[in-house]
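What's in model.cif: mmCIF, C-alpha atoms
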data_upload
#
loop_
_atom_site.label_atom_id
_atom_site.label_comp_id
_atom_site.auth_asym_id
_atom_site.auth_seq_id
_atom_site.Cartn_x
_atom_site.Cartn_y
_atom_site.Cartn_z
CA MET A 29 0.00 0.00 0.00
CA ASP A 30 2.85 2.34 -0.77
CA ASP A 31 2.38 5.57 -2.67
CA THR A 32 5.28 5.34 -5.06
CA PRO A 33 5.73 6.21 -8.72
CA GLU A 34 4.39 3.74 -11.25
CA GLY A 35 6.63 0.83 -12.07
CA THR A 36 9.14 1.38 -9.25
CA THR A 37 7.76 -1.14 -6.77
CA PRO A 38 6.61 -4.75 -7.09
CA GLU A 39 3.09 -3.57 -6.29
CA ALA A 40 3.10 -1.02 -9.10
CA ARG A 41 4.35 -3.60 -11.58
CA LEU A 42 1.73 -6.12 -10.45
CA LEU A 43 -0.99 -3.51 -10.68
CA LYS A 44 0.01 -2.69 -14.24
CA LEU A 45 -0.15 -6.38 -15.20
CA ALA A 46 -3.39 -6.95 -13.29
CA LYS A 47 -4.99 -4.10 -15.24
CA THR A 48 -4.32 -6.01 -18.43
CA GLY A 49 -6.30 -8.98 -17.05
CA ASP A 50 -3.37 -10.97 -15.68
CA LEU A 51 -4.96 -13.02 -12.89
CA ASP A 52 -1.62 -14.29 -11.57
CA ALA A 53 -0.47 -10.72 -11.10
CA PHE A 54 -3.70 -9.87 -9.33
CA GLU A 55 -3.27 -12.88 -7.04
CA GLN A 56 0.19 -11.69 -6.13
CA LEU A 57 -1.24 -8.28 -5.44
CA VAL A 58 -3.71 -9.94 -3.08
CA ALA A 59 -0.87 -11.81 -1.36
CA LEU A 60 0.98 -8.54 -0.77
CA ASN A 61 -1.96 -6.92 0.98
CA GLU A 62 -4.14 -9.69 2.42
CA ARG A 63 -2.77 -9.73 5.97
CA ARG A 64 -3.09 -6.03 6.40
CA VAL A 65 -6.61 -6.01 4.97
CA PHE A 66 -7.63 -8.94 7.13
CA ALA A 67 -6.22 -7.34 10.29
CA LEU A 68 -8.12 -4.13 9.61
CA ALA A 69 -11.30 -6.04 8.80
CA LEU A 70 -10.96 -8.11 11.98
CA ARG A 71 -10.86 -5.01 14.15
CA LEU A 72 -13.57 -3.28 12.18
CA THR A 73 -16.00 -6.19 12.31
CA GLY A 74 -14.85 -7.84 15.55
CA SER A 75 -15.33 -11.33 14.14
CA MET A 76 -12.98 -13.79 12.45
CA GLU A 77 -15.60 -15.10 10.05
CA ASP A 78 -16.80 -11.64 9.12
CA ALA A 79 -13.22 -10.49 8.64
CA LYS A 80 -12.51 -13.40 6.30
CA ASP A 81 -15.62 -12.67 4.27
CA ALA A 82 -14.89 -8.94 4.22
CA THR A 83 -11.30 -9.53 3.07
CA GLN A 84 -12.45 -11.78 0.27
CA GLU A 85 -15.18 -9.36 -0.75
CA ALA A 86 -12.79 -6.41 -0.62
CA PHE A 87 -10.40 -8.03 -3.10
CA ILE A 88 -13.24 -9.08 -5.38
CA ARG A 89 -14.51 -5.48 -5.40
CA LEU A 90 -10.97 -4.25 -5.96
CA HIS A 91 -10.70 -6.47 -9.01
CA ARG A 92 -13.93 -5.02 -10.42
CA LYS A 93 -12.52 -1.51 -10.08
CA ILE A 94 -8.97 -2.27 -11.08
CA GLY A 95 -9.28 -0.38 -14.35
CA GLN A 96 -10.12 2.80 -12.45
CA ILE A 97 -7.15 2.66 -10.08
CA ASP A 98 -4.57 5.36 -10.57
CA SER A 99 -1.30 3.48 -10.96
CA GLY A 100 0.57 6.44 -9.50
CA ARG A 101 -1.33 6.24 -6.22
CA GLY A 102 -1.38 2.45 -6.01
CA VAL A 103 -4.09 0.16 -4.68
CA GLY A 104 -3.91 1.52 -1.12
CA PRO A 105 -6.71 4.12 -1.15
CA TRP A 106 -9.00 1.84 -3.15
CA LEU A 107 -8.25 -1.11 -0.94
CA TYR A 108 -9.06 0.82 2.23
CA ALA A 109 -12.28 2.10 0.68
CA VAL A 110 -13.49 -1.31 -0.48
CA THR A 111 -12.49 -2.87 2.86
CA LEU A 112 -14.48 -0.26 4.80
CA ASN A 113 -17.49 -0.79 2.56
CA ALA A 114 -17.28 -4.58 2.70
CA CYS A 115 -17.05 -4.50 6.51
CA ARG A 116 -19.96 -2.08 6.71
CA ASP A 117 -22.10 -4.26 4.43
CA ILE A 118 -21.26 -7.44 6.30
CA GLY A 119 -21.85 -5.75 9.65
CA ARG A 120 -25.32 -4.75 8.53
CA VAL A 121 -26.44 -8.25 7.70
CA ARG A 122 -24.70 -10.35 10.33
CA GLN A 123 -25.27 -10.83 13.98
CA ARG A 124 -21.83 -10.73 15.49
CA SER A 125 -20.78 -12.97 18.32
CA ARG A 126 -18.85 -11.51 21.22
CA LEU A 127 -17.36 -14.84 22.23
CA VAL A 128 -13.92 -16.08 21.25
CA PRO A 129 -14.38 -19.41 19.48
CA MET A 130 -12.25 -22.09 21.15
CA GLU A 131 -11.03 -23.44 17.81
CA ASN A 132 -9.24 -20.13 17.22
CA TRP A 133 -7.23 -20.53 20.37
CA ALA A 134 -6.51 -24.23 19.78
CA SER A 135 -5.37 -23.76 16.18
CA LEU A 136 -3.28 -20.75 17.08
CA ALA A 137 -1.47 -22.70 19.80
CA ALA A 138 -0.95 -25.58 17.36
CA ALA A 139 0.41 -23.22 14.71
CA ASP A 140 3.20 -22.06 17.00
CA PRO A 141 4.19 -24.95 19.28
CA THR A 142 7.44 -23.28 20.25
CA GLY A 143 5.67 -20.20 21.52
CA ASP A 144 4.42 -19.60 25.00
CA PRO A 145 0.80 -20.85 25.10
CA GLU A 146 -0.01 -18.71 28.10
CA GLY A 147 1.44 -15.69 26.40
CA LEU A 148 -0.51 -16.43 23.25
CA TYR A 149 -3.70 -16.86 25.18
CA ALA A 150 -3.03 -13.61 27.00
CA ASP A 151 -2.49 -11.88 23.66
CA MET A 152 -5.71 -13.30 22.28
CA GLU A 153 -7.62 -12.37 25.40
CA ARG A 154 -6.18 -8.88 25.24
CA GLU A 155 -6.98 -8.62 21.54
CA GLU A 156 -10.51 -9.82 22.11
CA HIS A 157 -10.90 -7.24 24.84
CA LEU A 158 -9.69 -4.56 22.45
CA ARG A 159 -12.16 -5.65 19.77
CA THR A 160 -15.01 -5.73 22.27
CA VAL A 161 -14.16 -2.19 23.31
CA LEU A 162 -13.77 -1.03 19.71
CA ARG A 163 -17.34 -2.18 19.06
CA LEU A 164 -18.51 0.27 21.66
CA LEU A 165 -17.25 3.16 19.56
CA SER A 166 -19.40 4.55 16.78
CA GLU A 167 -18.76 3.15 13.31
CA LYS A 168 -17.14 6.38 12.14
CA GLU A 169 -15.01 6.75 15.26
CA ARG A 170 -13.83 3.15 14.99
CA ALA A 171 -12.99 3.46 11.30
CA ALA A 172 -11.23 6.80 11.77
CA LEU A 173 -9.19 5.56 14.72
CA LEU A 174 -8.13 2.32 13.04
CA LEU A 175 -7.19 3.96 9.76
CA ARG A 176 -5.15 6.54 11.66
CA GLU A 177 -3.48 4.37 14.30
CA MET A 178 -3.41 0.94 12.71
CA GLU A 179 -2.74 1.92 9.12
CA GLY A 180 -0.89 5.12 9.91
CA LEU A 181 -2.83 7.20 7.38
CA ALA A 182 -2.74 10.97 7.56
CA THR A 183 -5.87 12.64 8.92
CA GLU A 184 -6.53 14.15 5.48
CA GLU A 185 -6.47 10.71 3.85
CA VAL A 186 -8.78 9.28 6.51
CA ALA A 187 -11.17 12.18 5.93
CA ARG A 188 -11.15 11.50 2.20
CA LEU A 189 -11.88 7.81 2.71
CA LEU A 190 -14.70 8.46 5.15
CA GLY A 191 -16.16 11.31 3.13
CA SER A 192 -15.89 13.72 6.06
CA SER A 193 -14.09 16.98 6.69
CA VAL A 194 -10.59 16.96 8.19
CA SER A 195 -11.74 18.79 11.32
CA THR A 196 -14.57 16.30 11.87
CA VAL A 197 -12.24 13.35 11.50
CA ARG A 198 -9.62 14.94 13.77
CA SER A 199 -12.29 15.39 16.41
CA GLN A 200 -13.56 11.82 15.94
CA ILE A 201 -10.06 10.41 16.33
CA CYS A 202 -9.42 12.47 19.45
CA THR A 203 -12.74 11.41 21.01
CA ALA A 204 -12.12 7.78 20.07
CA ARG A 205 -8.67 7.80 21.71
CA LEU A 206 -10.06 9.12 24.98
CA LYS A 207 -13.04 6.75 24.94
CA LEU A 208 -10.86 3.77 24.16
CA ARG A 209 -8.49 4.56 27.02
CA LYS A 210 -11.34 4.74 29.50
CA LEU A 211 -13.10 1.63 28.17
CA LEU A 212 -9.92 -0.45 28.18
CA ARG A 213 -9.23 0.48 31.79
CA GLY A 214 -12.81 0.24 32.97
CA LYS A 215 -13.06 3.95 33.64
CA LEU A 216 -16.19 4.54 31.55
CA MET B 10 -6.50 15.56 35.21
CA CYS B 11 -6.29 19.21 34.34
CA ALA B 12 -9.38 20.75 32.80
CA GLY B 13 -8.94 21.71 29.17
CA PHE B 14 -5.86 19.52 28.68
CA GLU B 15 -7.43 16.12 28.11
CA GLU B 16 -8.46 16.76 24.51
CA ARG B 17 -5.27 18.62 23.69
CA ILE B 18 -3.19 15.74 25.07
CA ALA B 19 -5.21 13.27 22.99
CA ARG B 20 -4.34 15.32 19.91
CA TYR B 21 -0.75 15.83 21.06
CA VAL B 22 0.06 12.10 21.30
CA GLY B 23 -1.19 11.47 17.78
CA GLY B 24 0.54 14.50 16.28
CA ASP B 25 -2.80 16.16 15.51
CA LEU B 26 -2.31 19.21 17.71
CA ALA B 27 -1.80 22.60 16.09
CA ALA B 28 1.90 23.46 15.98
CA ASP B 29 1.51 26.61 18.07
CA GLU B 30 -0.05 24.59 20.93
CA VAL B 31 2.55 21.84 21.07
CA PRO B 32 5.13 23.66 23.29
CA ALA B 33 2.54 24.54 25.93
CA VAL B 34 1.21 20.97 26.17
CA GLY B 35 4.74 19.54 26.23
CA GLU B 36 5.65 21.87 29.11
CA HIS B 37 2.47 20.93 30.98
CA LEU B 38 3.22 17.22 30.69
CA ARG B 39 6.59 17.80 32.33
CA VAL B 40 5.05 19.35 35.41
CA CYS B 41 1.71 17.46 35.74
CA ALA B 42 1.94 13.78 36.76
CA ASP B 43 -1.74 13.01 36.08
CA CYS B 44 -1.62 14.43 32.58
CA ALA B 45 1.68 12.67 31.95
CA GLU B 46 0.01 9.39 32.99
CA LEU B 47 -2.85 10.12 30.56
CA ALA B 48 -0.36 10.72 27.75
CA ARG B 49 1.47 7.49 28.60
CA GLU B 50 -1.73 5.43 28.50
CA LEU B 51 -2.81 6.99 25.22
CA GLU B 52 0.61 6.18 23.72
CA GLU B 53 0.27 2.60 25.00
CA ASP B 54 -3.12 2.24 23.29
CA ARG B 55 -1.76 3.65 20.05
CA ALA B 56 1.07 1.12 20.05
CA TRP B 57 -1.42 -1.66 20.73
CA LEU B 58 -3.64 -0.55 17.87
CA ALA B 59 -0.65 -0.41 15.53
CA SER B 60 0.17 -4.06 16.25
CA ARG B 61 -1.33 -6.85 14.17
CA PRO B 62 -4.01 -9.07 15.75
CA PRO B 63 -2.54 -12.50 16.66
CA GLU B 64 -5.34 -14.26 14.76
CA THR B 65 -3.82 -13.08 11.49
CA ALA B 66 -1.35 -15.95 11.78
CA ASP B 67 -4.20 -18.43 11.93
CA VAL B 68 -5.89 -17.62 8.63
CA ASP B 69 -5.46 -19.82 5.57
CA PHE B 70 -4.76 -17.05 3.10
CA ALA B 71 -3.88 -19.45 0.27
CA THR B 72 -7.40 -20.89 0.34
CA MET B 73 -8.83 -17.40 0.50
CA ARG B 74 -6.80 -16.37 -2.54
CA GLY B 75 -8.05 -19.43 -4.42
CA GLU B 76 -11.64 -18.50 -3.61
CA ILE B 77 -11.07 -14.90 -4.71
CA ARG B 78 -9.61 -16.12 -7.98
CA ARG B 79 -12.54 -18.49 -8.50
CA GLN B 80 -15.02 -15.68 -7.84
CA ILE B 81 -13.41 -13.12 -10.14
CA GLY B 82 -13.09 -15.67 -12.91
CA ARG B 83 -16.83 -16.31 -12.84
CA PRO B 84 -19.07 -14.24 -15.14
CA ARG B 85 -21.27 -11.85 -13.23
CA TRP B 86 -24.92 -11.79 -14.05
CA GLY B 87 -25.77 -8.55 -12.35
CA TRP B 88 -28.55 -6.13 -13.06
CA ARG B 89 -26.64 -4.63 -15.97
CA TRP B 90 -26.62 -7.92 -17.82
CA ILE B 91 -30.28 -8.55 -17.06
CA ALA B 92 -31.13 -5.08 -18.36
CA VAL B 93 -29.12 -5.65 -21.53
CA ALA B 94 -30.80 -9.04 -22.09
CA ALA B 95 -34.27 -7.54 -21.51
CA ALA B 96 -33.54 -4.68 -23.92
CA THR B 97 -32.35 -7.14 -26.57
CA VAL B 98 -35.52 -9.23 -26.27
CA LEU B 99 -37.66 -6.09 -26.45
CA ILE B 100 -35.89 -4.78 -29.55
CA ALA B 101 -36.24 -8.19 -31.25
CA ALA B 102 -39.96 -8.35 -30.40
CA VAL B 103 -40.57 -4.85 -31.76
CA GLY B 104 -38.67 -5.71 -34.91
CA ILE B 105 -40.77 -8.83 -35.51
CA THR B 106 -44.01 -6.89 -34.93
CA VAL B 107 -43.02 -4.16 -37.33
CA ARG B 108 -42.14 -6.66 -40.02
CA ARG B 109 -45.46 -8.43 -39.63
CA ALA B 110 -47.59 -5.28 -39.55
CA PRO B 111 -49.72 -4.60 -42.70
CA HIS B 112 -48.50 -1.69 -44.72
CA ALA B 113 -48.99 -0.23 -48.18
CA ASP B 114 -47.09 -2.03 -50.87
CA ARG B 115 -45.00 0.71 -52.38
CA SER B 116 -44.10 -1.47 -55.35
CA LEU B 117 -47.68 -1.27 -56.79
CA THR B 118 -48.46 0.98 -59.70
CA VAL B 119 -50.93 3.87 -59.44
CA ALA B 120 -53.65 1.90 -61.26
CA ALA B 121 -53.16 -1.11 -59.04
CA ARG B 122 -53.37 1.08 -55.94
CA LYS B 123 -56.64 2.59 -57.19
CA GLU B 124 -58.06 -0.86 -57.74
CA VAL B 125 -57.08 -1.95 -54.24
CA ALA B 126 -58.68 1.22 -52.82
CA ALA B 127 -61.89 0.58 -54.78
CA ARG B 128 -62.09 -2.99 -53.53
CA LYS B 129 -61.59 -1.79 -49.97
CA GLU B 130 -64.39 0.75 -50.39
CA VAL B 131 -66.81 -1.92 -51.68
CA ALA B 132 -65.91 -4.17 -48.78
CA ALA B 133 -66.45 -1.34 -46.31
CA ARG B 134 -69.89 -0.56 -47.80
CA LYS B 135 -70.90 -4.21 -47.53
CA GLU B 136 -69.82 -4.25 -43.92
CA VAL B 137 -71.85 -1.13 -43.11
CA ALA B 138 -74.91 -2.63 -44.79
CA ALA B 139 -74.52 -5.84 -42.84
CA ARG B 140 -74.29 -3.87 -39.61
CA LYS B 141 -77.46 -1.95 -40.42
CA GLU B 142 -79.29 -5.20 -41.02
CA VAL B 143 -78.22 -6.58 -37.70
CA ALA B 144 -79.23 -3.37 -35.95
CA ALA B 145 -82.70 -3.23 -37.52
CA PRO B 146 -85.53 -2.34 -35.08
CA GLN B 147 -87.03 -5.31 -33.34
CA GLU B 148 -90.37 -5.65 -31.74
CA VAL B 149 -90.63 -6.67 -28.18
CA SER B 150 -93.66 -7.54 -26.19
CA VAL B 151 -94.12 -5.66 -22.99
CA ARG B 152 -96.32 -6.84 -20.24
CA LYS B 153 -97.25 -4.94 -17.17
CA GLU B 154 -97.64 -6.70 -13.90
CA VAL B 155 -99.20 -4.75 -11.14
CA ALA B 156 -98.55 -6.07 -7.69
CA VAL B 157 -100.90 -4.96 -5.01
CA GLN B 158 -100.17 -5.90 -1.45
CA GLY B 159 -102.69 -8.41 -0.15
CA ALA B 160 -104.35 -8.83 -3.52
CA PRO B 161 -103.67 -11.22 -6.42
CA ARG B 162 -101.41 -9.86 -9.12
CA LYS B 163 -102.98 -8.29 -12.12
CA ALA B 164 -101.29 -8.37 -15.47
CA ALA B 165 -101.94 -6.05 -18.36
CA VAL B 166 -100.42 -5.83 -21.81
CA LEU B 167 -98.99 -2.47 -22.72
CA PRO B 168 -98.79 -1.19 -26.29
CA ARG B 169 -95.97 -2.72 -28.22
CA THR B 170 -92.90 -0.63 -28.60
CA ARG B 171 -89.82 -0.79 -30.75
CA SER B 172 -86.41 -1.43 -29.38
CA ALA B 173 -84.00 1.40 -29.82
CA THR B 174 -81.09 -0.71 -30.90
CA ARG B 175 -80.40 -4.42 -31.01
CA GLY B 176 -83.15 -6.23 -29.20
CA THR B 177 -81.65 -6.14 -25.77
CA ARG B 178 -82.87 -2.64 -25.03
CA ALA B 179 -86.47 -1.42 -25.15
CA ASP B 180 -87.63 2.15 -25.16
CA VAL B 181 -90.83 1.89 -23.17
CA ALA B 182 -93.00 4.98 -22.89
CA VAL B 183 -95.50 4.52 -20.12
CA ARG B 184 -97.62 7.22 -18.59
CA PRO B 185 -97.13 6.90 -14.86
CA THR B 186 -100.70 7.95 -14.07
CA LEU B 187 -101.93 4.69 -15.59
CA LEU B 188 -99.91 2.58 -13.23
CA GLU B 189 -100.21 1.63 -9.67
CA SER B 190 -97.20 1.32 -7.44
CA PRO B 191 -95.13 -0.84 -7.30
CA VAL B 192 -94.90 -1.74 -11.00
CA VAL B 193 -93.03 -4.68 -12.43
CA ILE B 194 -92.40 -4.48 -16.18
CA ARG B 195 -91.16 -7.64 -17.82
CA ILE B 196 -89.65 -7.10 -21.26
CA ALA B 197 -89.26 -10.19 -23.41
CA THR B 198 -86.81 -9.90 -26.26
CA ARG B 199 -86.36 -12.09 -29.33
CA ASP B 200 -83.59 -13.83 -27.59
CA PRO B 201 -85.30 -16.37 -25.30
CA ASN B 202 -82.38 -16.17 -22.92
CA VAL B 203 -82.75 -12.41 -22.42
CA THR B 204 -85.59 -11.00 -20.38
CA ILE B 205 -85.49 -7.54 -18.91
CA ILE B 206 -87.36 -6.91 -15.69
CA LEU B 207 -87.95 -3.38 -14.49
CA LEU B 208 -89.17 -2.76 -11.01
CA HIS B 209 -90.49 0.72 -10.40
CA GLU B 210 -92.01 2.25 -7.33
CA PHE B 211 -93.43 5.75 -7.37
CA LYS B 212 -92.81 7.98 -4.41
CA GLY B 213 -94.35 11.32 -3.74
CA GLU B 214 -97.19 12.97 -5.63
CA LEU B 215 -98.02 12.00 -9.20
CA GLU B 216 -99.12 14.60 -11.68
#
Let's see the structure in the file written out as structure tokens.
Amino acid sequence: MDDTPEGTTPEARLLKLAKTGDLDAFEQLVALNERRVFALALRLTGSMEDAKDATQEAFIRLHRKIGQIDSGRGVGPWLYAVTLNACRDIGRVRQRSRLVPMENWASLAAADPTGDPEGLYADMEREEHLRTVLRLLSEKERAALLLREMEGLATEEVARLLGSSVSTVRSQICTARLKLRKLLRGKL
Amino acid sequence: MCAGFEERIARYVGGDLAADEVPAVGEHLRVCADCAELARELEEDRAWLASRPPETADVDFATMRGEIRRQIGRPRWGWRWIAVAAATVLIAAVGITVRRAPHADRSLTVAARKEVAARKEVAARKEVAARKEVAAPQEVSVRKEVAVQGAPRKAAVLPRTRSATRGTRADVAVRPTLLESPVVIRIATRDPNVTIILLHEFKGELE
């Protein structure tokens, strides 16, 4: 999701090929961005299943719009936009569970047998707590905060993606930071 | 927590504070332990948000990629395609109708066209004549039945009248002073299956 001149990065080259209908290039483009998109979707939706569906849907939508993507700007802005929309659409139609499925924990521990299971469980518990708290924020606050803090986007870029003014987004991010702090520490 | 600083500190930690306010907030954080603690916690949350969720390691991205590829390789039958298909069918149907519609044969000569017109005129006259025959006045018999409460019904035959049009309607002129109320008029037409019954009751003063 770098903003670099056309043709100077692997992503730019893949985008150019993908625009010509090269499915292998598009698949590589997906591989470059899938973890980041999934992580954002997971925190936006709060559910593993929803995040998987949203990630898949985001890349399918990206493929539909690939001809419209400005090669100079890269897939980043489009990818964030389609991810936000996919998460929003999925969130509207699904009832989300607030429980951590046990299979997640078991498979995670199995995936890293050398790691510290207690530490992993603590991380998952902590992450689940974060996601629970994030759900208590408004949709716009959550999206603004995650795009700013998780993706490191500038406030202006976040405002553009959310279709809001810079001052509104700045205020939303500030409010979300303070709310999150209180919610995470049980002060609200 | 110092009043008025909470929001500014929240902006300060994320680099969203106006440049001219940064020195004052920085100075305040050096002297205020509570506000410094707030800033520390906000920084901690930011670092946490910037980290990747541990579940990311657990996802089978290869399978997901395969599914994405399968989906994008499949033709989409969205509304656009349905609209295009419907428009095509409509255009084809209109085309067939236009081709089948009767129209003047431009290849005929003037004499031939006159002959065709004359034939059409003769046919039209015949049709009009046939219609007139069908619509010829028909006689209908009209009977009057006078029902008097408590007394047997009396029946009387009214003068015959002519139907106005095709046998199912009768133009009956009856002077109301001759009738008693209520009056039942049964109109028999030539068609044995069609009988018209009029029930009339006079109210108020008769002339």
Q: Mind checking which residues fall within 9 Å of Arg55 (chain B), counting all atoms listed in the file, ignoring those fewer than 5 positions away in the same chain, and posting them as a ChimeraX atom specification?
A: /A:177-178,205 /B:22-23,50,60
Q | Residue neighbourhood region 54-59 of chain A, 8 Å, all atoms listed in the file, exclusion window fewer than 4 positions, as a PyMOL selection string | A | (chain A and resi 39+42-43+45-46+50+63+87+91) or (chain B and resi 70+74+78)
Q.
My list of candidates is B:Cys11, B:Ala33, B:Ala56, B:Ala42. Which is closest to chain A when distances are computed with only C-alpha atoms?
A. B:Ala56
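Taking CA of Pro105 (chain A) and CA of Arg154 (chain A) as the two end points, the separation is 29.4 Å.
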Mind running chain B against chain A at 7 Å and telling me each contacting residue's nearest atom pair with the distance in Å (one decimal), counting all atoms listed in the file, chain and number ascending, as a tab-separated table?
residue	atom	partner	partner_atom	distance
B:Glu16	CA	A:Cys202	CA	6.7
B:Ala19	CA	A:Cys202	CA	5.6
B:Arg20	CA	A:Cys202	CA	5.8
B:Glu50	CA	A:Arg209	CA	7.0
B:Leu51	CA	A:Arg209	CA	6.4
B:Asp54	CA	A:Arg209	CA	6.9
B:Arg55	CA	A:Glu177	CA	6.0
B:Leu58	CA	A:Met178	CA	5.4
B:Ala59	CA	A:Met178	CA	4.2
B:Arg61	CA	A:Ala67	CA	6.3
B:Pro62	CA	A:Ala67	CA	6.1
B:Pro63	CA	A:Met152	CA	6.5
B:Thr65	CA	A:Ala67	CA	6.3
B:Asp67	CA	A:Leu136	CA	5.7
B:Met73	CA	A:Gln84	CA	6.7
B:Arg74	CA	A:Glu55	CA	6.7
B:Ile77	CA	A:Gln84	CA	6.0
B:Ile81	CA	A:Ile88	CA	6.2
Export of the given selection (C-alpha atoms) as a PDB file, in the coordinates of the input:
ATOM      1  CA  GLU B  16      -8.460  16.760  24.510  1.00  0.00           C
ATOM      2  CA  ALA B  19      -5.210  13.270  22.990  1.00  0.00           C
ATOM      3  CA  ARG B  20      -4.340  15.320  19.910  1.00  0.00           C
ATOM      4  CA  GLU B  50      -1.730   5.430  28.500  1.00  0.00           C
ATOM      5  CA  LEU B  51      -2.810   6.990  25.220  1.00  0.00           C
ATOM      6  CA  ASP B  54      -3.120   2.240  23.290  1.00  0.00           C
ATOM      7  CA  ARG B  55      -1.760   3.650  20.050  1.00  0.00           C
ATOM      8  CA  LEU B  58      -3.640  -0.550  17.870  1.00  0.00           C
ATOM      9  CA  ALA B  59      -0.650  -0.410  15.530  1.00  0.00           C
ATOM     10  CA  ARG B  61      -1.330  -6.850  14.170  1.00  0.00           C
ATOM     11  CA  PRO B  62      -4.010  -9.070  15.750  1.00  0.00           C
ATOM     12  CA  PRO B  63      -2.540 -12.500  16.660  1.00  0.00           C
ATOM     13  CA  THR B  65      -3.820 -13.080  11.490  1.00  0.00           C
ATOM     14  CA  ASP B  67      -4.200 -18.430  11.930  1.00  0.00           C
ATOM     15  CA  MET B  73      -8.830 -17.400   0.500  1.00  0.00           C
ATOM     16  CA  ARG B  74      -6.800 -16.370  -2.540  1.00  0.00           C
ATOM     17  CA  ILE B  77     -11.070 -14.900  -4.710  1.00  0.00           C
ATOM     18  CA  ILE B  81     -13.410 -13.120 -10.140  1.00  0.00           C
TER      19      ILE B  81
END
Q.
Report, in Å to a single decimal, how far apart CA of Leu26 (chain B) and CA of Ala12 (chain B) are.
A.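 Computing the Euclidean distance for CA of Ala12 (chain B) and CA of Leu26 (chain B) yields 16.7 Å.
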(Q) To one decimal place in Å, what is the distance between CA of Cys44 (chain B) and CA of Val31 (chain B)? (A)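 CA of Val31 (chain B) lies at a distance of 14.3 Å from CA of Cys44 (chain B).
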Q.
I'd like to know which of A:Asn61, A:Gln96, A:Leu211, A:Glu77 is closest to Leu162 (chain A), using only C-alpha atoms.
A.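 Nearest to Leu162 (chain A): A:Leu211.
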Q | Pick from A:Lys47, A:Ala172, A:Thr160, A:Lys207 nearest to Ser99 (chain A), counting all atoms listed in the file | A |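 Among the listed residues, the smallest separation from Ser99 (chain A) belongs to A:Lys47.
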Q: For the structure shown, which residues end up in the PyMOL selection byres ((chain B and resi 196) around 6)? Put them as a ChimeraX atom specification, please?
A: /B:151,195,197,204-205
